[in-house]
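J.: Dropping in protein_23.cif, which is mmCIF, C-alpha atoms and all ligand atoms:
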```
data_model
#
loop_
_atom_site.group_PDB
_atom_site.id
_atom_site.type_symbol
_atom_site.label_atom_id
_atom_site.label_comp_id
_atom_site.auth_asym_id
_atom_site.auth_seq_id
_atom_site.Cartn_x
_atom_site.Cartn_y
_atom_site.Cartn_z
ATOM 1 C CA MET A 1 24.969 12.538 43.780
ATOM 2 C CA GLN A 2 25.182 8.813 43.437
ATOM 3 C CA LYS A 3 27.096 7.050 46.185
ATOM 4 C CA TYR A 4 29.812 4.798 44.889
ATOM 5 C CA GLY A 5 28.704 1.188 44.748
ATOM 6 C CA GLU A 6 24.984 1.795 44.672
ATOM 7 C CA PRO A 7 23.310 0.576 41.530
ATOM 8 C CA ASP A 8 22.047 3.401 39.395
ATOM 9 C CA PRO A 9 18.311 2.786 38.966
ATOM 10 C CA ARG A 10 18.358 4.605 35.677
ATOM 11 C CA SER A 11 21.483 3.931 33.687
ATOM 12 C CA ALA A 12 22.779 6.159 30.950
ATOM 13 C CA VAL A 13 21.450 3.738 28.361
ATOM 14 C CA ASP A 14 17.998 3.818 29.938
ATOM 15 C CA SER A 15 17.835 7.575 29.834
ATOM 16 C CA LEU A 16 18.839 7.576 26.166
ATOM 17 C CA ILE A 17 15.896 5.390 25.305
ATOM 18 C CA ALA A 18 13.642 6.964 27.911
ATOM 19 C CA SER A 19 10.728 7.305 25.503
ATOM 20 C CA ASP A 20 10.677 3.534 25.005
ATOM 21 C CA ARG A 21 10.669 2.776 28.714
ATOM 22 C CA VAL A 22 7.772 0.870 30.153
ATOM 23 C CA PRO A 23 5.735 3.575 31.872
ATOM 24 C CA ALA A 24 6.169 3.680 35.622
ATOM 25 C CA ASN A 25 2.546 4.665 35.993
ATOM 26 C CA ALA A 26 0.375 1.751 34.920
ATOM 27 C CA HIS A 27 -2.823 3.714 35.476
ATOM 28 C CA PRO A 28 -2.501 7.042 33.725
ATOM 29 C CA GLU A 29 -6.309 7.207 33.552
ATOM 30 C CA LEU A 30 -6.287 8.050 37.267
ATOM 31 C CA LEU A 31 -4.394 11.256 36.601
ATOM 32 C CA THR A 32 -6.379 14.471 36.890
ATOM 33 C CA GLU A 33 -5.870 17.546 34.769
ATOM 34 C CA ASP A 34 -4.197 19.166 37.807
ATOM 35 C CA ASP A 35 -1.774 16.221 37.898
ATOM 36 C CA ILE A 36 -0.893 16.908 34.262
ATOM 37 C CA TRP A 37 -0.238 20.577 35.027
ATOM 38 C CA ASN A 38 1.954 19.553 37.992
ATOM 39 C CA LEU A 39 3.809 17.153 35.748
ATOM 40 C CA LEU A 40 4.417 19.865 33.155
ATOM 41 C CA ASN A 41 5.552 22.191 35.917
ATOM 42 C CA GLU A 42 8.519 19.811 36.316
ATOM 43 C CA VAL A 43 9.595 20.386 32.708
ATOM 44 C CA LYS A 44 12.324 23.016 32.745
ATOM 45 C CA ASP A 45 12.903 25.515 29.992
ATOM 46 C CA PRO A 46 16.103 24.374 28.246
ATOM 47 C CA GLU A 47 17.341 27.950 27.873
ATOM 48 C CA VAL A 48 16.519 29.019 31.437
ATOM 49 C CA PRO A 49 16.525 25.828 33.537
ATOM 50 C CA ALA A 50 15.535 27.860 36.606
ATOM 51 C CA VAL A 51 11.952 28.077 35.395
ATOM 52 C CA SER A 52 9.489 25.502 34.159
ATOM 53 C CA VAL A 53 7.564 25.730 30.918
ATOM 54 C CA VAL A 54 4.419 26.366 32.991
ATOM 55 C CA GLU A 55 6.041 29.189 34.977
ATOM 56 C CA LEU A 56 7.261 30.683 31.724
ATOM 57 C CA GLY A 57 3.646 30.754 30.573
ATOM 58 C CA ILE A 58 4.239 28.905 27.327
ATOM 59 C CA VAL A 59 1.892 26.019 28.209
ATOM 60 C CA ARG A 60 -1.440 27.594 27.310
ATOM 61 C CA ALA A 61 -3.927 24.766 27.664
ATOM 62 C CA VAL A 62 -4.210 21.135 28.686
ATOM 63 C CA ARG A 63 -7.056 18.909 27.512
ATOM 64 C CA TRP A 64 -7.210 15.534 29.187
ATOM 65 C CA ASP A 65 -10.031 13.003 29.023
ATOM 66 C CA GLY A 66 -8.335 10.264 31.010
ATOM 67 C CA LYS A 67 -6.990 8.621 27.884
ATOM 68 C CA THR A 68 -5.610 11.178 25.483
ATOM 69 C CA VAL A 69 -3.929 14.435 26.246
ATOM 70 C CA SER A 70 -3.441 17.469 24.097
ATOM 71 C CA VAL A 71 -1.274 20.384 25.185
ATOM 72 C CA ASP A 72 -1.172 23.835 23.592
ATOM 73 C CA VAL A 73 2.272 25.412 23.593
ATOM 74 C CA THR A 74 3.095 28.950 22.495
ATOM 75 C CA PRO A 75 6.781 29.560 21.767
ATOM 76 C CA THR A 76 8.390 32.548 23.484
ATOM 77 C CA TYR A 77 8.990 34.066 20.113
ATOM 78 C CA SER A 78 8.497 32.603 16.681
ATOM 79 C CA GLY A 79 11.643 30.985 15.465
ATOM 80 C CA CYS A 80 12.904 30.307 18.977
ATOM 81 C CA PRO A 81 15.319 27.423 18.349
ATOM 82 C CA ALA A 82 14.391 25.791 21.664
ATOM 83 C CA THR A 83 10.720 25.358 20.734
ATOM 84 C CA GLU A 84 11.035 21.898 19.216
ATOM 85 C CA LEU A 85 13.112 20.704 22.132
ATOM 86 C CA ILE A 86 10.557 22.099 24.592
ATOM 87 C CA GLU A 87 7.748 20.266 22.793
ATOM 88 C CA GLU A 88 9.765 17.053 22.880
ATOM 89 C CA LEU A 89 10.493 17.477 26.621
ATOM 90 C CA ILE A 90 6.788 18.001 27.303
ATOM 91 C CA ALA A 91 5.809 14.920 25.278
ATOM 92 C CA GLU A 92 8.533 12.942 27.019
ATOM 93 C CA ALA A 93 7.249 13.927 30.485
ATOM 94 C CA LEU A 94 3.736 12.835 29.520
ATOM 95 C CA ARG A 95 4.925 9.528 28.066
ATOM 96 C CA ALA A 96 6.948 8.922 31.226
ATOM 97 C CA ALA A 97 3.676 9.251 33.165
ATOM 98 C CA GLY A 98 2.216 6.490 31.041
ATOM 99 C CA ILE A 99 0.216 8.627 28.629
ATOM 100 C CA ARG A 100 0.500 7.355 25.082
ATOM 101 C CA ASP A 101 0.855 9.579 22.035
ATOM 102 C CA PRO A 102 0.549 12.976 23.699
ATOM 103 C CA GLN A 103 -0.564 15.629 21.262
ATOM 104 C CA ILE A 104 1.445 18.851 21.369
ATOM 105 C CA ASN A 105 -0.034 21.757 19.431
ATOM 106 C CA GLN A 106 1.939 24.843 18.587
ATOM 107 C CA VAL A 107 -0.306 27.862 19.040
ATOM 108 C CA LEU A 108 1.084 31.066 17.583
ATOM 109 C CA THR A 109 -1.816 33.434 18.263
ATOM 110 C CA PRO A 110 -2.102 35.201 20.565
ATOM 111 C CA ALA A 111 1.650 35.627 20.684
ATOM 112 C CA TRP A 112 3.470 34.915 23.930
ATOM 113 C CA THR A 113 4.287 37.922 26.046
ATOM 114 C CA THR A 114 6.416 38.188 29.140
ATOM 115 C CA ASP A 115 3.177 39.052 30.984
ATOM 116 C CA TRP A 116 2.450 35.312 30.929
ATOM 117 C CA ILE A 117 5.393 34.489 33.182
ATOM 118 C CA THR A 118 3.934 33.582 36.579
ATOM 119 C CA PRO A 119 4.967 35.518 39.719
ATOM 120 C CA GLU A 120 6.874 32.370 40.826
ATOM 121 C CA GLY A 121 8.610 32.283 37.460
ATOM 122 C CA LYS A 122 9.605 35.950 37.734
ATOM 123 C CA GLU A 123 10.987 35.401 41.232
ATOM 124 C CA LYS A 124 12.990 32.354 40.075
ATOM 125 C CA LEU A 125 14.415 34.341 37.173
ATOM 126 C CA ARG A 126 15.521 37.029 39.621
ATOM 127 C CA VAL A 127 17.179 34.493 41.936
ATOM 128 C CA PHE A 128 18.825 32.930 38.875
ATOM 129 C CA GLY A 129 20.370 36.324 38.077
ATOM 130 C CA ILE A 130 18.075 37.248 35.220
ATOM 131 C CA ALA A 131 16.160 40.475 35.631
ATOM 132 C CA PRO A 132 12.529 39.503 35.201
ATOM 133 C CA PRO A 133 10.468 41.543 32.787
ATOM 134 C CA GLN A 134 9.093 44.624 34.460
ATOM 135 C CA GLY A 135 5.466 45.512 34.136
ATOM 136 C CA SER A 136 3.590 44.571 31.064
ATOM 137 C CA SER A 137 5.281 44.144 27.742
ATOM 138 C CA SER A 138 5.608 47.847 27.440
ATOM 139 C CA LYS A 139 5.243 50.100 24.479
ATOM 140 C CA LEU A 140 8.442 51.772 25.619
ATOM 141 C CA SER A 141 10.564 48.940 24.287
ATOM 142 C CA LEU A 142 8.583 48.945 21.048
ATOM 143 C CA LEU A 143 9.340 52.634 20.683
ATOM 144 C CA GLY A 144 12.985 51.947 21.338
ATOM 145 C CA GLN A 145 13.056 53.914 24.566
ATOM 146 C CA SER A 146 15.041 52.453 27.388
ATOM 147 C CA GLU A 147 13.364 51.246 30.544
ATOM 148 C CA VAL A 148 14.764 51.298 34.049
ATOM 149 C CA ILE A 149 15.804 47.721 34.795
ATOM 150 C CA ALA A 150 16.597 46.816 38.398
ATOM 151 C CA CYS A 151 19.758 44.779 39.032
ATOM 152 C CA PRO A 152 18.762 41.222 40.078
ATOM 153 C CA HIS A 153 21.849 41.031 42.325
ATOM 154 C CA CYS A 154 21.607 44.182 44.446
ATOM 155 C CA GLY A 155 18.311 45.757 43.396
ATOM 156 C CA SER A 156 19.902 48.958 42.161
ATOM 157 C CA ASP A 157 18.152 50.910 39.389
ATOM 158 C CA HIS A 158 21.536 52.205 38.323
ATOM 159 C CA THR A 159 22.003 49.868 35.345
ATOM 160 C CA GLU A 160 22.928 50.164 31.715
ATOM 161 C CA GLN A 161 22.361 48.059 28.623
ATOM 162 C CA VAL A 162 25.610 46.612 27.320
ATOM 163 C CA SER A 163 24.238 44.707 24.384
ATOM 164 C CA GLU A 164 20.840 44.213 22.836
ATOM 165 C CA PHE A 165 21.444 40.475 22.876
ATOM 166 C CA GLY A 166 22.409 38.462 25.936
ATOM 167 C CA SER A 167 23.066 34.735 26.275
ATOM 168 C CA THR A 168 20.102 34.046 23.986
ATOM 169 C CA ALA A 169 18.228 36.202 21.517
ATOM 170 C CA CYS A 170 15.357 36.631 23.997
ATOM 171 C CA LYS A 171 17.588 38.389 26.476
ATOM 172 C CA ALA A 172 19.552 41.628 26.556
ATOM 173 C CA LEU A 173 22.827 42.007 28.402
ATOM 174 C CA TYR A 174 22.888 44.618 31.151
ATOM 175 C CA ARG A 175 25.440 45.711 33.693
ATOM 176 C CA CYS A 176 24.890 47.139 37.150
ATOM 177 C CA LYS A 177 26.788 50.371 37.768
ATOM 178 C CA ASP A 178 26.676 49.829 41.538
ATOM 179 C CA CYS A 179 27.711 46.203 42.066
ATOM 180 C CA LEU A 180 29.277 46.028 38.563
ATOM 181 C CA GLU A 181 27.690 42.605 37.930
ATOM 182 C CA PRO A 182 26.503 41.836 34.424
ATOM 183 C CA PHE A 183 23.085 40.271 34.080
ATOM 184 C CA ASP A 184 20.608 39.130 31.474
ATOM 185 C CA TYR A 185 17.320 40.935 31.101
ATOM 186 C CA PHE A 186 14.368 39.012 29.715
ATOM 187 C CA LYS A 187 13.231 41.325 26.972
ATOM 188 C CA CYS A 188 9.586 42.222 26.894
ATOM 189 C CA ILE A 189 8.095 40.984 23.675
HETATM 190 ZN ZN ZN A 201 23.789 45.445 41.229
#
```
Here is a file; write its structure as structure tokens.
Ligand SMILES: [Zn+2]
T.:
Amino acid sequence: MQKYGEPDPRSAVDSLIASDRVPANAHPELLTEDDIWNLLNEVKDPEVPAVSVVELGIVRAVRWDGKTVSVDVTPTYSGCPATELIEELIAEALRAAGIRDPQINQVLTPAWTTDWITPEGKEKLRVFGIAPPQGSSSKLSLLGQSEVIACPHCGSDHTEQVSEFGSTACKALYRCKDCLEPFDYFKCI
């Protein structure tokens, strides 16, 4: 929180025109590819702000030659309404690091699966109250059979699906029969 009286280094107007800001980093050519990955790891998924786009596994590749950058992004599912916003957030983070005209490529094949979520991402989802996908994107869900989903709050396996769709289309709404808490389950795609 901002203490009263201190000047805000980044006013509301500044953040609105963030993409036109003079880059803070005058020497983007010194960035390494690892730096770019770290930078992208700061970009949060707009639907699940607990995890970054890297942890979610939707950033597939980074090509960086010290001057131009190109990033491959695979949407969580085709038609995900957040995809364009995610691409814009990624480009914005790169421009903020001083990289001009970042190239964001949408890569649709192979399709994203929940297997691409990193272990850190799965743990953050759990802490956030979203049951992380269990195992690999299983054939069970394709066959319409229900899986045992552990409650992210108490760990109980005693859960039931309330609705096929949770807070977003990528999630299903579950309820724990032990602690009675509802939770979102990241559907395996
Ligand atoms: Zn529970």
J.: Once you count only C-alpha atoms and all ligand atoms, what closest atom pair and distance in Å to one decimal does each residue of chain A within 10 Å of ligand ZN 201 (chain A) have, with rows by chain and rising residue number, as JSON lines?
T.:
```
{"residue": "A:Ala150", "atom": "CA", "partner": "A:ZN201", "partner_atom": "ZN", "distance": 7.8}
{"residue": "A:Cys151", "atom": "CA", "partner": "A:ZN201", "partner_atom": "ZN", "distance": 4.6}
{"residue": "A:Pro152", "atom": "CA", "partner": "A:ZN201", "partner_atom": "ZN", "distance": 6.7}
{"residue": "A:His153", "atom": "CA", "partner": "A:ZN201", "partner_atom": "ZN", "distance": 4.9}
{"residue": "A:Cys154", "atom": "CA", "partner": "A:ZN201", "partner_atom": "ZN", "distance": 4.1}
{"residue": "A:Gly155", "atom": "CA", "partner": "A:ZN201", "partner_atom": "ZN", "distance": 5.9}
{"residue": "A:Ser156", "atom": "CA", "partner": "A:ZN201", "partner_atom": "ZN", "distance": 5.3}
{"residue": "A:Asp157", "atom": "CA", "partner": "A:ZN201", "partner_atom": "ZN", "distance": 8.1}
{"residue": "A:His158", "atom": "CA", "partner": "A:ZN201", "partner_atom": "ZN", "distance": 7.7}
{"residue": "A:Thr159", "atom": "CA", "partner": "A:ZN201", "partner_atom": "ZN", "distance": 7.6}
{"residue": "A:Arg175", "atom": "CA", "partner": "A:ZN201", "partner_atom": "ZN", "distance": 7.7}
{"residue": "A:Cys176", "atom": "CA", "partner": "A:ZN201", "partner_atom": "ZN", "distance": 4.6}
{"residue": "A:Lys177", "atom": "CA", "partner": "A:ZN201", "partner_atom": "ZN", "distance": 6.7}
{"residue": "A:Asp178", "atom": "CA", "partner": "A:ZN201", "partner_atom": "ZN", "distance": 5.3}
{"residue": "A:Cys179", "atom": "CA", "partner": "A:ZN201", "partner_atom": "ZN", "distance": 4.1}
{"residue": "A:Leu180", "atom": "CA", "partner": "A:ZN201", "partner_atom": "ZN", "distance": 6.1}
{"residue": "A:Glu181", "atom": "CA", "partner": "A:ZN201", "partner_atom": "ZN", "distance": 5.8}
{"residue": "A:Pro182", "atom": "CA", "partner": "A:ZN201", "partner_atom": "ZN", "distance": 8.2}
{"residue": "A:Phe183", "atom": "CA", "partner": "A:ZN201", "partner_atom": "ZN", "distance": 8.9}
```
J.: Mind working out the centre and edge lengths of an axis-aligned box for region 174-181 of chain A, all listed atoms inside, 6 Å added to each side, rounded to one decimal in Å and written as AutoDock Vina command-line options?
T.:
```
--center_x 26.1 --center_y 46.5 --center_z 36.6 --size_x 18.4 --size_y 19.8 --size_z 22.9
```
J.: Find the spatial neighbours of Glu87 (chain A), counting all atoms listed in the file, within a cut-off of 10 Å - ignore same-chain residues fewer than 6 positions away - and output them as a list of chain:residue names.
T.: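 Close residues of Glu87 (chain A): A:Val53, A:Val59, A:Val71, A:Asp72, A:Val73, A:Thr74, A:Pro75, A:Ala93, A:Gln103, A:Ile104, A:Asn105, A:Gln106.
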J.: Can you spell out as an MDAnalysis selection string the set of residues that the PyMOL selection byres (((chain A and resi 164) around 12) and not hetatm) selects in the structure I just provided?
T.: chainID A and resid 141 144 146 160:163 165:175 184:187
J.: Suppose you want the space between CA of Asp35 (chain A) and CA of Glu88 (chain A); what is it in Å?
T.: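 For CA of Asp35 (chain A) relative to CA of Glu88 (chain A), the distance reads 19.0 Å.
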J.: Could you please determine the separation between CA of Ile58 (chain A) and CA of Pro28 (chain A) in Å, to one decimal place?
T.: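 Going from CA of Ile58 (chain A) over to CA of Pro28 (chain A), I get 23.8 Å.
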J.: Step by step, work through what the PyMOL selection byres (((chain A and resi 46) around 12) and not hetatm) selects in the shown file, and finish by giving those residues as a PyMOL selection string.
T.: chain A and resi 42-45+47-53+56+80-90+168
J.: Which residues come within 10 Å of Thr32 (chain A), counting all atoms listed in the file, excluding same-chain residues fewer than 6 positions away, as a PyMOL selection string?
T.: chain A and resi 38+64-66
J.: Of the residues A:Ile99, A:Val54, A:Ala131, A:Val62, which is the one nearest to Glu29 (chain A), using only C-alpha atoms?
T.: A:Ile99
J.: How many Å lie between CA of Pro133 (chain A) and CA of Thr114 (chain A), rounded to one decimal?
T.: 6.4 Å
J.: Pick from A:Leu125, A:Glu33, A:Leu40, A:Tyr77: nearest to Ala91 (chain A), with all atoms listed in the file counted?
T.: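 Among the listed residues, A:Leu40 lies closest to Ala91 (chain A).
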